[in-house]
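These notes concern the structure reproduced below.
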Amino acid sequence: MNLVILGAPGSGKGTQAEHLHREFGLTHVASGDLFRQHLEQKTALGIRAGEYMARGALVPDEITIAMLRERVSRESVKGILLDGFPRTMEQAIALDAMMAELGRAIDAVLYVEVPDEVLVARLSERLICRECQAPFHRTAKPFRVCPVARCNGEHLYQRSDDTPDTVRARLATYHRQTAPVIDYYGLISLLLTVRGDGPIEDVTQATLDAVRHQQSL
């Protein structure tokens, strides 16, 4: 089975991706991790991507697709879970072409849907420790004790991209880019929508049930 998981920043799709990875034995392929691996290993693709990133430019889709192709085509990869890709219609079309060339197909696209105001509340309450980079949340995970026993919370700060206005701007960009992708997968009957604003265990159960149902068809 080959899956895509979509969700706005703060939707919790990363958490659900880990559950899907464990439950169905899928190879979790996150686009951000791919970039980091290629940059660290100084591969030809990593060097090309680094040139764009160094000047603040977007990495072309063709480089991202080439990284995905290399990862997905490994013999050890039986089923994949794509996380963070595709984000645009151009990427969705390129992904379809790549999968067809590899003799594969996307079996389902899981969309973790969360109302924007819930996402704003989630993201705008995040705090990071300047010293150890440990993440906290004013409501869900308030600071109680330092995980590395170095401070009493005096180094906590809010990142500039986690302020409410910035979060809303990020969400607007996400919806503008990704709404057509969600519509596309809905039109071709691959979209599985799960509400992601409930308790995590309920979201996880709904996620697994949706994929199991799709698998049984």
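Convention: chains lettered A, B, ... in structure tokens order; per-chain residue numbering from 1; ligands numbered from 1 as shown.
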Which residues of range 157-201 of chain A come within 10 Å of range 89-99 of chain A, and what is each one's closest atom pair and distance in Å (one decimal), counting only C-alpha atoms, sorted by chain and residue number, as a tab-separated table?
```
residue	atom	partner	partner_atom	distance
A:Gln177	CA	A:Met89	CA	7.8
A:Thr178	CA	A:Met89	CA	7.5
A:Ala179	CA	A:Met89	CA	9.1
A:Pro180	CA	A:Met89	CA	6.4
A:Val181	CA	A:Met89	CA	5.4
A:Ile182	CA	A:Met89	CA	9.2
A:Asp183	CA	A:Met89	CA	9.9
A:Tyr184	CA	A:Met89	CA	8.1
A:Tyr185	CA	A:Ala92	CA	9.1
```
For the residues selected in the previous step, produce a file with N, CA and C atoms as an mmCIF file, in the first residue's frame.
```
data_model
loop_
_atom_site.group_PDB
_atom_site.id
_atom_site.type_symbol
_atom_site.label_atom_id
_atom_site.label_comp_id
_atom_site.auth_asym_id
_atom_site.auth_seq_id
_atom_site.Cartn_x
_atom_site.Cartn_y
_atom_site.Cartn_z
ATOM 1 N N GLN A 177 -2.130 26.792 -1.744
ATOM 2 C CA GLN A 177 -1.333 25.817 -2.496
ATOM 3 C C GLN A 177 -1.977 24.433 -2.523
ATOM 4 N N THR A 178 -2.533 24.024 -1.393
ATOM 5 C CA THR A 178 -2.909 22.625 -1.216
ATOM 6 C C THR A 178 -4.382 22.331 -1.466
ATOM 7 N N ALA A 179 -5.260 23.319 -1.382
ATOM 8 C CA ALA A 179 -6.688 23.083 -1.627
ATOM 9 C C ALA A 179 -6.928 22.404 -2.979
ATOM 10 N N PRO A 180 -6.261 22.843 -4.063
ATOM 11 C CA PRO A 180 -6.462 22.147 -5.350
ATOM 12 C C PRO A 180 -6.016 20.686 -5.309
ATOM 13 N N VAL A 181 -4.972 20.392 -4.514
ATOM 14 C CA VAL A 181 -4.486 19.014 -4.399
ATOM 15 C C VAL A 181 -5.538 18.157 -3.701
ATOM 16 N N ILE A 182 -6.124 18.679 -2.631
ATOM 17 C CA ILE A 182 -7.167 17.952 -1.906
ATOM 18 C C ILE A 182 -8.369 17.714 -2.814
ATOM 19 N N ASP A 183 -8.758 18.742 -3.564
ATOM 20 C CA ASP A 183 -9.880 18.595 -4.500
ATOM 21 C C ASP A 183 -9.576 17.541 -5.559
ATOM 22 N N TYR A 184 -8.348 17.540 -6.053
ATOM 23 C CA TYR A 184 -7.940 16.584 -7.090
ATOM 24 C C TYR A 184 -8.066 15.150 -6.600
ATOM 25 N N TYR A 185 -7.530 14.886 -5.409
ATOM 26 C CA TYR A 185 -7.596 13.523 -4.892
ATOM 27 C C TYR A 185 -9.031 13.130 -4.542
#
```
List the neighbours of range 127-144 of chain A out to 7 Å using only C-alpha atoms; skip same-chain residues closer than 3 positions along the sequence, and give me the result as a PyMOL selection string. chain A and resi 153+155-158
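By chain and then residue number, the residues within 12 Å of range 37-52 of chain A are Val29, Ala30, Ser31, Leu58, Val59, Pro60, Asp61, Glu62, Ile63, Thr64, Ile65, Ala66, Met67, Leu68, Arg69, Glu70 and Arg71 of chain A, counting only C-alpha atoms and disregarding those fewer than 6 positions away in sequence.
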Suppose we keep C-alpha atoms; can you now write the selection as a PDB file, in the first residue's frame?
```
ATOM      1  CA  VAL A  29       9.182   9.317   3.539  1.00  0.00           C
ATOM      2  CA  ALA A  30       9.112  12.920   4.787  1.00  0.00           C
ATOM      3  CA  SER A  31      10.297  15.484   2.269  1.00  0.00           C
ATOM      4  CA  LEU A  58      12.707  27.218  -3.521  1.00  0.00           C
ATOM      5  CA  VAL A  59      14.187  23.856  -4.470  1.00  0.00           C
ATOM      6  CA  PRO A  60      12.761  22.921  -7.916  1.00  0.00           C
ATOM      7  CA  ASP A  61      10.222  20.108  -7.968  1.00  0.00           C
ATOM      8  CA  GLU A  62      12.432  18.079 -10.293  1.00  0.00           C
ATOM      9  CA  ILE A  63      15.089  17.779  -7.566  1.00  0.00           C
ATOM     10  CA  THR A  64      12.544  16.772  -4.936  1.00  0.00           C
ATOM     11  CA  ILE A  65      11.026  14.201  -7.294  1.00  0.00           C
ATOM     12  CA  ALA A  66      14.494  12.795  -8.061  1.00  0.00           C
ATOM     13  CA  MET A  67      15.118  12.371  -4.313  1.00  0.00           C
ATOM     14  CA  LEU A  68      11.755  10.651  -3.905  1.00  0.00           C
ATOM     15  CA  ARG A  69      12.420   8.389  -6.898  1.00  0.00           C
ATOM     16  CA  GLU A  70      15.731   7.246  -5.399  1.00  0.00           C
ATOM     17  CA  ARG A  71      14.095   6.496  -2.047  1.00  0.00           C
TER      18      ARG A  71
END
```
Long-range neighbours of range 10-27 of chain A as a PyMOL selection string, 10 Å cut-off, only C-alpha atoms, 5 positions minimum in chain: chain A and resi 1-5+71-72+76-84+110-116+118-124+167+171+195-197+200-201+203-205+207-208+211-212
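Picture a line from CA of Arg74 in chain A to CA of Arg36 in chain A; it runs 18.5 Å.
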Would you return as a PyMOL selection string the members of range 60-196 of chain A that DSSP assigns to strand (DSSP E) on this structure's backbone? chain A and resi 80-83+108-113+126-129+135-137+156-157+191-195
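Between Arg170 in chain A and the residues A:Ala8, A:Val109, A:Val148, A:Leu102, the shortest atom-to-atom distance, using only C-alpha atoms, involves A:Ala8.
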What residues in range 143-213 of chain A get the DSSP label alpha helix (DSSP H)? Please answer as an MDAnalysis selection string. chainID A and resid 164:187 200:213
Please, could you write that set of residues out with C-alpha atoms as a CSV table (one decimal), in the first residue's frame?
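Output file out_29.csv follows:
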```
chain,number,residue,atom,x,y,z
A,164,PRO,CA,-1.1,34.3,15.8
A,165,ASP,CA,-0.8,36.6,12.8
A,166,THR,CA,2.1,34.7,11.3
A,167,VAL,CA,0.3,31.4,11.8
A,168,ARG,CA,-2.7,32.7,10.0
A,169,ALA,CA,-0.5,33.9,7.1
A,170,ARG,CA,1.1,30.4,6.9
A,171,LEU,CA,-2.3,28.7,6.9
A,172,ALA,CA,-3.5,31.0,4.1
A,173,THR,CA,-0.5,30.0,2.0
A,174,TYR,CA,-1.0,26.4,2.8
A,175,HIS,CA,-4.7,26.5,1.8
A,176,ARG,CA,-3.9,28.4,-1.4
A,177,GLN,CA,-1.3,25.8,-2.5
A,178,THR,CA,-2.9,22.6,-1.2
A,179,ALA,CA,-6.7,23.1,-1.6
A,180,PRO,CA,-6.5,22.1,-5.3
A,181,VAL,CA,-4.5,19.0,-4.4
A,182,ILE,CA,-7.2,18.0,-1.9
A,183,ASP,CA,-9.9,18.6,-4.5
A,184,TYR,CA,-7.9,16.6,-7.1
A,185,TYR,CA,-7.6,13.5,-4.9
A,186,GLY,CA,-11.3,13.8,-4.0
A,187,LEU,CA,-12.3,13.8,-7.6
A,200,ILE,CA,-5.2,12.3,19.8
A,201,GLU,CA,-6.2,8.7,20.6
A,202,ASP,CA,-9.6,9.3,18.8
A,203,VAL,CA,-7.9,10.8,15.8
A,204,THR,CA,-5.4,7.9,15.6
A,205,GLN,CA,-8.3,5.3,15.8
A,206,ALA,CA,-10.2,7.1,13.0
A,207,THR,CA,-7.0,7.3,10.9
A,208,LEU,CA,-6.3,3.6,11.2
A,209,ASP,CA,-9.9,2.6,10.6
A,210,ALA,CA,-10.0,4.7,7.5
A,211,VAL,CA,-6.9,3.1,6.0
A,212,ARG,CA,-8.0,-0.4,7.0
A,213,HIS,CA,-11.3,0.2,5.3
```
